[in-house]
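Peer 1: I am attaching a structure below and will ask some questions about it afterwards.
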Amino acid sequence: MSERIAVLGAGPMGLAVAYQLARDGHQPVIFEADDRIGGMTASFDFGGIQIERYYHFHCTSDADFLTVLDELGLASKMHWTQTRMGYWFNKRLQAWGNPVALLRFKGLGLVAKFRYGLHAFLCTRRTDWAPLDHVDASGWIRRWVGADAYEVLWRKLFDYKFYRYADNLSAAWIWSRIRRIGRSRYSLMREKLGYLAGGSSTLLAGLHADIVQHGGQVRLSSPVQRIVIEQGKVRGLEVNGERLAFDKVVSTIPLPFVPRLAPDLPEDILARFRALNNIAVVCVIAKLRRRVSENFWVNTNDPDMDIPGIVEYTNLRPMDAHIVYVPFYMPGEHPKYAEPDAVFIDKVRRYLMQINPTLVEDDFIDIRASRYRHAQPICEPGFLDRLPPRKLPVEGLWVADTSHYYPEDRGISESIGFGRMLAREVVA
């Protein structure tokens, strides 16, 4: 039986929910506050180049993403590239990401290098993450790699992404990140990452068209004011002052917004939502006449740089100009997040010219900054126990975001897989 189902949010997870529902014969209606679909995968016009506001890449292990591409007839638009990593340390850009680079790395002793390499290797082989859920990540890594390797290779990555939360992160969440990148390698020495021709817009347009073709709707610039709950059951939504009837509601918007949209939830559930913390991001994107380096990804450990790294996107996906993303992560309540875009843009110009001293001001064609307050959840030890259930104690209501596929980090493939599973659960 076809049901009227509302989906809140048109990011990859919301689109995946609606995609599955529509293909299964239902009539989902997506409500998106923005004027475009995609959420953090949405693109913008960067001086004639359509490109994502925030960088994305794909690994060979992204099965759910690759499956949808095949279903949409887009598999031929997927391209794979051998990529490189670098490490900026002691004012020097060094090779990174394979055993030879590790052995040649200037700044660590041989024992520390061996311990670091062994830990990374074992993470790619591990499958049972549950024992790591209640373990603190920084202590776990220190025990494996030693104090020296932690200080050189890990501390800045933690400090310049999580700040005061840096010493209270789940080891399971960190393990999943190490494993995903490790499994993107197609040999001991080579890393292979993927990109879609046309970027994420290719996927988003395909999903959108398929949803509409199968009877669904996508309503943009339509922020939801309230999820209507009466007598323990979902009755619909309030959108732009109008009450709309729905049998079921599936929310995929960031969890911190839920108490405002559903204030009628039980107080203990609302408290669990309010207790969740999120990292914000100010992501600067620069268009250059020349490349900064030959690396796709460069980790940074420099007392003069308050970033965990840079992503030179065009070393993965070739374009007419050289595109570099520089993310500044921080808790949204941190004073730095209130600083104007110009502060971050000036830093990026300075940082890139430090990494590549041959760059000059004239090499910068354009530079912009984008902000996202709820870029990703902060997964503390025991995160799974504190996470509100996706099926809430209200008939017809499901609420989830990228937190719900913990310990996996946020990603397009993970959002698609989870969204499709959620859609099937909603109509089971």
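By convention here, the chains of the structure tokens are called A, B, ... in the order presented, each chain's residues are numbered starting at 1, and ligands are numbered starting at 1 in the order presented.
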Just want the 8 Å neighbourhood of Ala262 of chain A, counted on only C-alpha atoms, with same-chain residues fewer than 4 positions away dropped. Output as a PyMOL selection string.

Peer 2: chain A and resi 226-229+258

Peer 1: Only N, CA, C and O atoms, please: the residues just picked out, written as a CSV table (one decimal), in the first residue's frame.

Peer 2:
chain,number,residue,atom,x,y,z
A,226,ARG,N,7.8,22.5,12.1
A,226,ARG,CA,7.4,21.6,13.2
A,226,ARG,C,7.0,20.3,12.6
A,226,ARG,O,6.4,20.2,11.6
A,227,ILE,N,7.4,19.2,13.3
A,227,ILE,CA,6.8,17.9,13.1
A,227,ILE,C,5.6,17.8,14.0
A,227,ILE,O,5.7,17.9,15.2
A,228,VAL,N,4.4,17.6,13.4
A,228,VAL,CA,3.2,17.6,14.2
A,228,VAL,C,3.0,16.2,14.8
A,228,VAL,O,2.9,15.2,14.1
A,229,ILE,N,3.0,16.2,16.2
A,229,ILE,CA,2.8,14.9,16.9
A,229,ILE,C,1.6,15.1,17.8
A,229,ILE,O,1.5,16.0,18.6
A,258,VAL,N,16.7,18.7,15.9
A,258,VAL,CA,15.5,17.9,16.2
A,258,VAL,C,14.7,18.5,17.4
A,258,VAL,O,13.4,18.6,17.3

Peer 1: Need to verify the contact set: Leu72 of chain A, 12 Å, only C-alpha atoms, exclusion of same-chain residues closer than 4 positions in sequence. Can you return it as number ranges by chain?

Peer 2: A: 19, 23, 65-68, 76-77, 202-211, 213

Peer 1: Give me, as a ChimeraX atom specification, all polymer residues having an atom no more than 10 Å from segment 372-378 of chain A, counting only C-alpha atoms and skipping those fewer than 5 positions away in the same chain.

Peer 2: /A:39-40,53-54,162,165-166,168-170,173,253-257,276-283,329-333,337,383,401-404,406,409-410

Peer 1: Write the selection just made, keeping N, CA and C atoms, as a compact mmCIF listing (two decimals), in the first residue's frame?

Peer 2:
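File produced: out.txt:
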# COMPACT_ATOMS: atom_id res chain seq x y z
N GLY A 39 23.02 19.19 0.40
CA GLY A 39 23.64 19.40 1.70
C GLY A 39 25.11 19.73 1.56
N MET A 40 25.97 18.97 2.25
CA MET A 40 27.41 19.22 2.16
C MET A 40 28.01 18.77 0.84
N ARG A 53 31.10 22.66 -2.55
CA ARG A 53 31.57 23.61 -1.53
C ARG A 53 32.56 22.94 -0.58
N TYR A 54 32.41 21.60 -0.41
CA TYR A 54 33.27 20.83 0.49
C TYR A 54 33.77 19.62 -0.29
N PHE A 162 39.45 18.99 16.71
CA PHE A 162 38.51 18.80 17.82
C PHE A 162 38.75 19.71 19.02
N TYR A 165 37.86 18.78 22.64
CA TYR A 165 37.37 17.40 22.62
C TYR A 165 38.46 16.40 22.20
N ALA A 166 39.67 16.90 21.91
CA ALA A 166 40.71 16.07 21.29
C ALA A 166 41.09 14.85 22.11
N ASN A 168 39.07 13.18 24.06
CA ASN A 168 37.87 12.45 24.47
C ASN A 168 37.09 11.99 23.23
N LEU A 169 37.79 11.24 22.37
CA LEU A 169 37.20 10.73 21.14
C LEU A 169 37.20 9.21 21.16
N SER A 170 36.24 8.62 20.50
CA SER A 170 36.13 7.17 20.45
C SER A 170 37.20 6.56 19.56
N TRP A 173 35.81 5.21 16.22
CA TRP A 173 35.61 6.18 15.15
C TRP A 173 36.93 6.45 14.42
N ILE A 253 17.99 15.55 8.84
CA ILE A 253 18.70 16.80 9.12
C ILE A 253 19.61 16.59 10.34
N PRO A 254 20.59 17.47 10.57
CA PRO A 254 21.47 17.29 11.73
C PRO A 254 20.68 17.15 13.03
N LEU A 255 21.09 16.21 13.86
CA LEU A 255 20.35 15.91 15.09
C LEU A 255 20.16 17.10 16.03
N PRO A 256 21.10 18.06 16.10
CA PRO A 256 20.87 19.19 17.01
C PRO A 256 19.62 20.02 16.68
N PHE A 257 19.10 19.91 15.43
CA PHE A 257 17.91 20.65 15.06
C PHE A 257 16.62 19.98 15.54
N LEU A 276 24.30 16.00 22.39
CA LEU A 276 25.22 15.68 21.30
C LEU A 276 25.98 16.94 20.88
N ASN A 277 27.26 16.76 20.56
CA ASN A 277 28.11 17.86 20.12
C ASN A 277 28.54 17.66 18.67
N ASN A 278 28.74 18.76 17.98
CA ASN A 278 29.14 18.71 16.57
C ASN A 278 30.31 19.63 16.30
N ILE A 279 31.12 19.23 15.35
CA ILE A 279 32.22 20.06 14.86
C ILE A 279 31.70 20.91 13.69
N ALA A 280 32.11 22.18 13.67
CA ALA A 280 31.81 23.06 12.54
C ALA A 280 33.03 23.12 11.62
N VAL A 281 32.81 23.63 10.41
CA VAL A 281 33.93 23.78 9.49
C VAL A 281 33.80 25.10 8.74
N VAL A 282 34.92 25.76 8.57
CA VAL A 282 35.05 26.85 7.60
C VAL A 282 36.00 26.31 6.54
N CYS A 283 35.47 26.07 5.35
CA CYS A 283 36.27 25.44 4.30
C CYS A 283 36.60 26.48 3.23
N TYR A 329 38.55 23.17 10.97
CA TYR A 329 37.55 22.54 11.82
C TYR A 329 37.64 23.11 13.22
N MET A 330 36.49 23.19 13.90
CA MET A 330 36.48 23.65 15.28
C MET A 330 35.06 23.45 15.83
N PRO A 331 34.92 23.33 17.14
CA PRO A 331 33.57 23.31 17.70
C PRO A 331 32.85 24.61 17.33
N GLY A 332 31.56 24.51 17.04
CA GLY A 332 30.81 25.67 16.59
C GLY A 332 30.75 26.78 17.62
N GLU A 333 30.92 26.43 18.91
CA GLU A 333 30.88 27.44 19.95
C GLU A 333 32.25 28.11 20.16
N TYR A 337 35.16 30.43 15.26
CA TYR A 337 34.12 30.23 14.24
C TYR A 337 33.40 31.53 13.91
N PHE A 383 29.88 6.44 22.54
CA PHE A 383 28.95 7.23 21.73
C PHE A 383 27.69 6.44 21.37
N ASP A 401 20.91 10.95 11.36
CA ASP A 401 21.85 11.67 10.50
C ASP A 401 23.12 10.84 10.42
N THR A 402 24.23 11.44 10.01
CA THR A 402 25.45 10.66 9.81
C THR A 402 25.96 10.01 11.09
N SER A 403 25.49 10.50 12.25
CA SER A 403 25.87 9.88 13.52
C SER A 403 25.46 8.42 13.58
N HIS A 404 24.39 8.07 12.88
CA HIS A 404 23.78 6.75 13.05
C HIS A 404 24.49 5.63 12.31
N TYR A 406 27.75 5.42 12.79
CA TYR A 406 28.93 5.25 13.64
C TYR A 406 29.27 3.75 13.73
N ASP A 409 32.95 7.18 9.44
CA ASP A 409 32.96 8.62 9.31
C ASP A 409 31.91 9.02 8.27
N ARG A 410 31.50 10.29 8.31
CA ARG A 410 30.50 10.73 7.35
C ARG A 410 31.03 10.55 5.93

Peer 1: Enumerate the residues of segment 174-356 of chain A with a DSSP assignment of strand (DSSP E or B), computed from the backbone, and present them as JSON, numbers by chain.

Peer 2: {"A": [185, 191, 192, 193, 194, 195, 196, 217, 218, 219, 224, 225, 226, 227, 228, 229, 230, 233, 234, 235, 236, 237, 238, 239, 242, 243, 244, 245, 248, 249, 250, 251, 278, 279, 280, 281, 282, 283, 284, 285, 286, 287, 288, 297, 298, 299, 300, 301, 309, 310, 311, 312, 322, 323, 324, 325, 326, 327, 328, 329, 330, 331]}

Peer 1: If you run DSSP over the backbone, which residues in segment 121-317 of chain A end up helix (DSSP H, G or I)? Put them as a ChimeraX atom specification.

Peer 2: /A:121-125,130-132,137-165,171-182,200-213,255-261,267-274,313-315

Peer 1: For segment 153-157 of chain A, list every protein, DNA or RNA residue within 10 Å, evaluated using only C-alpha atoms, and leave out those in the same chain fewer than 5 positions away; present the list as a compact mmCIF listing (two decimals) with all heavy atoms, in the first residue's frame.

Peer 2:
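That gives us result.txt:
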# COMPACT_ATOMS: atom_id res chain seq x y z
N TYR A 87 53.32 15.05 3.72
CA TYR A 87 53.28 15.49 5.11
C TYR A 87 54.15 16.73 5.26
O TYR A 87 55.34 16.70 4.94
CB TYR A 87 53.79 14.38 6.05
CG TYR A 87 53.05 14.35 7.37
CD1 TYR A 87 52.23 13.28 7.70
CD2 TYR A 87 53.15 15.40 8.28
CE1 TYR A 87 51.53 13.25 8.89
CE2 TYR A 87 52.45 15.38 9.47
CZ TYR A 87 51.64 14.31 9.77
OH TYR A 87 50.94 14.29 10.95
N PHE A 89 56.02 18.89 7.63
CA PHE A 89 56.55 18.80 8.99
C PHE A 89 57.95 19.41 9.01
O PHE A 89 58.76 19.18 8.10
CB PHE A 89 56.61 17.34 9.44
CG PHE A 89 57.17 17.13 10.82
CD1 PHE A 89 56.48 17.60 11.94
CD2 PHE A 89 58.38 16.49 11.01
CE1 PHE A 89 56.99 17.42 13.22
CE2 PHE A 89 58.91 16.31 12.28
CZ PHE A 89 58.20 16.77 13.39
N GLY A 107 62.13 12.92 11.05
CA GLY A 107 61.48 13.42 12.25
C GLY A 107 61.08 12.33 13.23
O GLY A 107 60.59 12.63 14.32
N LEU A 108 61.31 11.06 12.86
CA LEU A 108 60.98 9.94 13.73
C LEU A 108 62.09 8.89 13.69
O LEU A 108 62.72 8.69 12.65
CB LEU A 108 59.68 9.27 13.29
CG LEU A 108 58.34 9.87 13.73
CD1 LEU A 108 57.22 9.01 13.20
CD2 LEU A 108 58.26 10.00 15.24
N TYR A 116 54.23 2.71 14.24
CA TYR A 116 53.18 3.41 13.50
C TYR A 116 52.68 2.56 12.34
O TYR A 116 51.46 2.41 12.14
CB TYR A 116 53.71 4.76 12.98
CG TYR A 116 52.69 5.51 12.16
CD1 TYR A 116 51.82 6.41 12.75
CD2 TYR A 116 52.59 5.30 10.78
CE1 TYR A 116 50.87 7.09 12.00
CE2 TYR A 116 51.65 5.97 10.02
CZ TYR A 116 50.79 6.86 10.64
OH TYR A 116 49.85 7.53 9.89
N SER A 138 43.02 8.91 21.75
CA SER A 138 44.39 9.39 21.91
C SER A 138 45.22 8.43 22.74
O SER A 138 46.38 8.14 22.41
CB SER A 138 44.39 10.79 22.52
OG SER A 138 43.75 10.81 23.78
N ILE A 141 45.97 5.23 20.61
CA ILE A 141 47.02 5.44 19.61
C ILE A 141 48.39 5.56 20.28
O ILE A 141 49.37 4.97 19.81
CB ILE A 141 46.71 6.68 18.76
CG1 ILE A 141 45.49 6.40 17.87
CG2 ILE A 141 47.91 7.05 17.89
CD1 ILE A 141 45.01 7.60 17.10
N ARG A 142 48.46 6.29 21.40
CA ARG A 142 49.74 6.42 22.10
C ARG A 142 50.28 5.05 22.51
O ARG A 142 51.50 4.79 22.40
CB ARG A 142 49.58 7.28 23.35
CG ARG A 142 49.57 8.78 23.12
CD ARG A 142 49.70 9.51 24.44
NE ARG A 142 49.39 10.93 24.31
CZ ARG A 142 48.21 11.47 24.54
NH1 ARG A 142 47.19 10.70 24.91
NH2 ARG A 142 48.02 12.76 24.41
N VAL A 145 51.58 3.39 19.06
CA VAL A 145 52.65 3.98 18.26
C VAL A 145 53.73 4.63 19.11
O VAL A 145 54.82 4.93 18.60
CB VAL A 145 52.08 5.01 17.26
CG1 VAL A 145 50.96 4.41 16.43
CG2 VAL A 145 51.61 6.28 17.95
N ALA A 147 54.88 7.66 22.28
CA ALA A 147 54.71 9.10 22.49
C ALA A 147 55.27 9.92 21.33
O ALA A 147 54.67 10.92 20.91
CB ALA A 147 55.37 9.52 23.80
N ASP A 148 56.42 9.52 20.79
CA ASP A 148 57.06 10.31 19.73
C ASP A 148 56.20 10.34 18.47
O ASP A 148 55.95 11.41 17.90
CB ASP A 148 58.44 9.75 19.40
CG ASP A 148 59.45 9.98 20.51
OD1 ASP A 148 59.16 10.80 21.40
OD2 ASP A 148 60.51 9.34 20.49
N PHE A 162 39.45 18.99 16.71
CA PHE A 162 38.51 18.80 17.82
C PHE A 162 38.75 19.71 19.02
O PHE A 162 37.93 19.75 19.93
CB PHE A 162 38.55 17.33 18.26
CG PHE A 162 38.07 16.39 17.19
CD1 PHE A 162 38.96 15.67 16.42
CD2 PHE A 162 36.72 16.25 16.94
CE1 PHE A 162 38.52 14.82 15.43
CE2 PHE A 162 36.26 15.39 15.96
CZ PHE A 162 37.17 14.68 15.19
N TYR A 163 39.90 20.39 19.07
CA TYR A 163 40.17 21.34 20.15
C TYR A 163 39.95 20.70 21.51
O TYR A 163 40.60 19.72 21.85
CB TYR A 163 39.36 22.63 19.94
CG TYR A 163 39.89 23.45 18.78
CD1 TYR A 163 39.65 23.06 17.46
CD2 TYR A 163 40.66 24.58 19.00
CE1 TYR A 163 40.17 23.78 16.39
CE2 TYR A 163 41.17 25.33 17.94
CZ TYR A 163 40.92 24.91 16.64
OH TYR A 163 41.44 25.62 15.60
N ALA A 166 39.67 16.90 21.91
CA ALA A 166 40.71 16.07 21.29
C ALA A 166 41.09 14.85 22.11
O ALA A 166 41.45 13.81 21.56
CB ALA A 166 41.95 16.91 21.02
N ASP A 167 41.01 14.95 23.43
CA ASP A 167 41.40 13.82 24.28
C ASP A 167 40.20 13.02 24.76
O ASP A 167 40.29 12.26 25.72
CB ASP A 167 42.18 14.33 25.49
CG ASP A 167 43.55 14.86 25.10
OD1 ASP A 167 44.16 14.27 24.19
OD2 ASP A 167 44.01 15.84 25.71
N ASN A 299 48.90 16.19 5.01
CA ASN A 299 48.74 16.43 6.45
C ASN A 299 49.73 17.51 6.88
O ASN A 299 50.83 17.62 6.30
CB ASN A 299 49.01 15.16 7.25
CG ASN A 299 47.90 14.14 7.11
OD1 ASN A 299 46.77 14.48 6.78
ND2 ASN A 299 48.22 12.89 7.36
N THR A 300 49.33 18.30 7.88
CA THR A 300 50.22 19.37 8.33
C THR A 300 50.45 19.28 9.83
O THR A 300 49.54 19.03 10.60
CB THR A 300 49.62 20.76 8.01
OG1 THR A 300 48.31 20.85 8.57
CG2 THR A 300 49.53 20.99 6.51
N ASN A 301 51.70 19.45 10.21
CA ASN A 301 52.08 19.60 11.61
C ASN A 301 53.06 20.76 11.67
O ASN A 301 54.25 20.60 11.44
CB ASN A 301 52.72 18.32 12.14
CG ASN A 301 53.09 18.43 13.62
OD1 ASN A 301 53.09 19.51 14.20
ND2 ASN A 301 53.42 17.30 14.23
N ASP A 302 52.49 21.94 11.93
CA ASP A 302 53.28 23.17 11.89
C ASP A 302 52.71 24.11 12.95
O ASP A 302 51.51 24.41 12.93
CB ASP A 302 53.17 23.80 10.49
CG ASP A 302 54.13 24.97 10.30
OD1 ASP A 302 54.29 25.77 11.24
OD2 ASP A 302 54.69 25.10 9.19
N PRO A 303 53.53 24.59 13.86
CA PRO A 303 53.03 25.49 14.91
C PRO A 303 52.45 26.79 14.35
O PRO A 303 51.72 27.49 15.05
CB PRO A 303 54.27 25.75 15.78
CG PRO A 303 55.43 25.43 14.91
CD PRO A 303 54.98 24.34 14.01
N MET A 305 50.50 26.90 11.63
CA MET A 305 49.31 26.60 10.82
C MET A 305 48.27 25.91 11.68
O MET A 305 48.54 24.86 12.26
CB MET A 305 49.67 25.66 9.65
CG MET A 305 50.63 26.23 8.64
SD MET A 305 50.93 25.05 7.29
CE MET A 305 52.11 25.96 6.29
N ASP A 306 47.07 26.50 11.76
CA ASP A 306 46.02 25.93 12.60
C ASP A 306 45.04 25.09 11.76
O ASP A 306 43.82 25.25 11.83
CB ASP A 306 45.27 27.02 13.37
CG ASP A 306 44.72 28.11 12.47
OD1 ASP A 306 45.13 28.20 11.31
OD2 ASP A 306 43.88 28.91 12.96
N ILE A 307 45.61 24.19 10.95
CA ILE A 307 44.81 23.30 10.10
C ILE A 307 45.38 21.88 10.21
O ILE A 307 46.58 21.70 10.46
CB ILE A 307 44.84 23.74 8.62
CG1 ILE A 307 46.28 23.90 8.13
CG2 ILE A 307 44.03 25.02 8.43
CD1 ILE A 307 46.42 24.15 6.65
N PRO A 308 44.53 20.85 10.00
CA PRO A 308 45.05 19.47 10.00
C PRO A 308 45.62 19.05 8.66
O PRO A 308 46.30 18.03 8.57
CB PRO A 308 43.80 18.64 10.34
CG PRO A 308 42.66 19.44 9.83
CD PRO A 308 43.06 20.89 9.98
N GLY A 309 45.35 19.82 7.59
CA GLY A 309 45.87 19.44 6.28
C GLY A 309 45.21 20.22 5.17
O GLY A 309 44.34 21.08 5.39

Peer 1: Between atom CA of Pro99 of chain A and atom CA of Glu294 of chain A, what is the distance in Å, rounded to a tenth?

Peer 2: 18.4 Å

Peer 1: Which polymer residues have any atom within 8 Å of an atom of segment 315-318 of chain A, counting only C-alpha atoms, with same-chain residues fewer than 6 positions away left out, as a VMD selection string?

Peer 2: chain A and resid 81 to 83 193 to 195 294 to 296

Peer 1: Can you tell me how far atom CA of Trp80 of chain A sits from atom CA of Glu191 of chain A, in Å to one decimal?

Peer 2: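 Pair atom CA of Trp80 of chain A / atom CA of Glu191 of chain A returns 10.1 Å.
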
Peer 1: Can you list, as a list in words, every protein, DNA or RNA residue that comes within 12 Å of Phe105 of chain A when you count only C-alpha atoms, leaving out same-chain residues fewer than 4 positions away?

Peer 2: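 Final neighbour list, sorted by chain and number: Gly86, Tyr87, Trp88, Phe89, Asn90, Arg92, Leu93, Gln94, Ala95, Trp96, Gly97, Asn98, Pro99, Val100, Ala101, Gly109, Leu110, Ala112, Lys113, Phe114, Tyr116, Ala149, Val152 and Leu153 of chain A.
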
Peer 1: Grab the residues selected above and save them as a short mmCIF file (atom, residue, chain, number, x, y, z; two decimals), in the first residue's frame with N, CA and C atoms.

Peer 2:
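Printed below is part-v5.cif as written:
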data_model
loop_
_atom_site.label_atom_id
_atom_site.label_comp_id
_atom_site.auth_asym_id
_atom_site.auth_seq_id
_atom_site.Cartn_x
_atom_site.Cartn_y
_atom_site.Cartn_z
N GLY A 86 51.18 13.63 1.14
CA GLY A 86 52.38 14.30 1.63
C GLY A 86 52.22 14.66 3.10
N TYR A 87 53.32 15.05 3.72
CA TYR A 87 53.28 15.49 5.11
C TYR A 87 54.15 16.73 5.26
N TRP A 88 53.56 17.83 5.70
CA TRP A 88 54.29 19.06 5.95
C TRP A 88 54.72 19.07 7.41
N PHE A 89 56.02 18.89 7.63
CA PHE A 89 56.55 18.80 8.99
C PHE A 89 57.95 19.41 9.01
N ASN A 90 58.22 20.18 10.06
CA ASN A 90 59.52 20.86 10.19
C ASN A 90 59.83 21.72 8.96
N ARG A 92 59.02 21.35 5.95
CA ARG A 92 59.44 20.56 4.80
C ARG A 92 58.28 19.68 4.35
N LEU A 93 58.04 19.64 3.03
CA LEU A 93 57.01 18.76 2.48
C LEU A 93 57.64 17.41 2.16
N GLN A 94 57.20 16.37 2.85
CA GLN A 94 57.76 15.05 2.67
C GLN A 94 56.71 14.10 2.07
N ALA A 95 57.18 13.08 1.37
CA ALA A 95 56.28 12.05 0.85
C ALA A 95 55.67 11.30 2.03
N TRP A 96 54.47 10.76 1.82
CA TRP A 96 53.75 10.07 2.87
C TRP A 96 52.82 9.02 2.26
N GLY A 97 52.40 8.06 3.08
CA GLY A 97 51.33 7.17 2.65
C GLY A 97 51.74 5.80 2.17
N ASN A 98 53.04 5.46 2.22
CA ASN A 98 53.45 4.11 1.88
C ASN A 98 54.67 3.74 2.73
N PRO A 99 55.04 2.46 2.78
CA PRO A 99 56.13 2.04 3.67
C PRO A 99 57.46 2.73 3.41
N VAL A 100 57.79 2.97 2.14
CA VAL A 100 59.06 3.62 1.82
C VAL A 100 59.06 5.05 2.34
N ALA A 101 57.93 5.76 2.13
CA ALA A 101 57.84 7.13 2.63
C ALA A 101 57.96 7.17 4.15
N GLY A 109 62.27 8.20 14.82
CA GLY A 109 63.22 7.10 14.87
C GLY A 109 62.63 5.83 14.25
N LEU A 110 63.49 4.85 14.03
CA LEU A 110 63.09 3.63 13.35
C LEU A 110 62.04 2.85 14.14
N ALA A 112 59.81 4.01 16.28
CA ALA A 112 58.54 4.73 16.20
C ALA A 112 57.88 4.51 14.84
N LYS A 113 58.67 4.49 13.79
CA LYS A 113 58.13 4.25 12.45
C LYS A 113 57.54 2.85 12.34
N PHE A 114 58.26 1.87 12.90
CA PHE A 114 57.76 0.50 12.84
C PHE A 114 56.44 0.37 13.59
N TYR A 116 54.23 2.71 14.24
CA TYR A 116 53.18 3.41 13.50
C TYR A 116 52.68 2.56 12.34
N ALA A 149 55.76 9.17 18.01
CA ALA A 149 54.95 9.12 16.79
C ALA A 149 53.61 9.83 17.00
N VAL A 152 54.28 13.64 16.70
CA VAL A 152 54.65 14.08 15.35
C VAL A 152 53.51 13.88 14.35
N LEU A 153 52.83 12.73 14.43
CA LEU A 153 51.91 12.34 13.36
C LEU A 153 50.43 12.45 13.71
#

Peer 1: Please measure the separation of atom CA of Val326 of chain A and atom CA of Thr252 of chain A, giving the value in Å to one decimal.

Peer 2: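 Distance between the two atoms: 26.7 Å.
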
Peer 1: Need the shell around segment 44-51 of chain A: protein/DNA/RNA residues with any atom at most 10 Å away, counting only C-alpha atoms. Skip same-chain ones fewer than 5 positions apart. Format as an mmCIF file with C-alpha atoms, in the first residue's frame?

Peer 2:
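Resulting contents of around-v4.cif:
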data_model
loop_
_atom_site.group_PDB
_atom_site.id
_atom_site.type_symbol
_atom_site.label_atom_id
_atom_site.label_comp_id
_atom_site.auth_asym_id
_atom_site.auth_seq_id
_atom_site.Cartn_x
_atom_site.Cartn_y
_atom_site.Cartn_z
ATOM 1 C CA ARG A 36 19.460 23.296 -3.881
ATOM 2 C CA GLY A 198 30.875 16.353 -13.196
ATOM 3 C CA GLY A 199 31.435 15.881 -9.464
ATOM 4 C CA SER A 200 28.753 15.070 -6.917
ATOM 5 C CA SER A 201 26.210 17.017 -8.999
ATOM 6 C CA ILE A 285 38.554 26.810 -1.593
ATOM 7 C CA ALA A 286 41.252 28.394 -3.755
ATOM 8 C CA LYS A 287 41.598 28.433 -7.531
ATOM 9 C CA MET A 319 40.185 20.610 -14.166
ATOM 10 C CA ASP A 320 41.062 23.768 -16.092
ATOM 11 C CA ALA A 321 42.538 25.396 -12.977
ATOM 12 C CA ILE A 323 41.669 23.674 -6.963
ATOM 13 C CA ILE A 365 42.727 33.398 -9.389
ATOM 14 C CA ASP A 366 39.888 33.238 -6.869
ATOM 15 C CA ILE A 367 39.342 32.201 -3.265
ATOM 16 C CA ARG A 368 36.118 31.663 -1.270
#

Peer 1: Check the smallest atom-to-atom distance from each of A:Thr358, A:Gln231, A:Ser251, A:Ser293 to Leu397 of chain A using only C-alpha atoms, then report the winner.

Peer 2: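 Nearest to Leu397 of chain A: A:Ser251.
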
Peer 1: Please determine, counting only C-alpha atoms, which residue among A:Ala271, A:Val292, A:Leu122, A:Val111 has the shortest atom-to-atom distance to Gln354 of chain A.

Peer 2: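 Smallest separation from Gln354 of chain A among the options: A:Val292.
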
Peer 1: Please determine, counting only C-alpha atoms, which residue among A:Ala16, A:Ile174, A:Ile30, A:Leu74 has the shortest atom-to-atom distance to Leu220 of chain A.

Peer 2: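 Nearest candidate to Leu220 of chain A out of A:Ala16, A:Ile174, A:Ile30, A:Leu74: A:Ile30.
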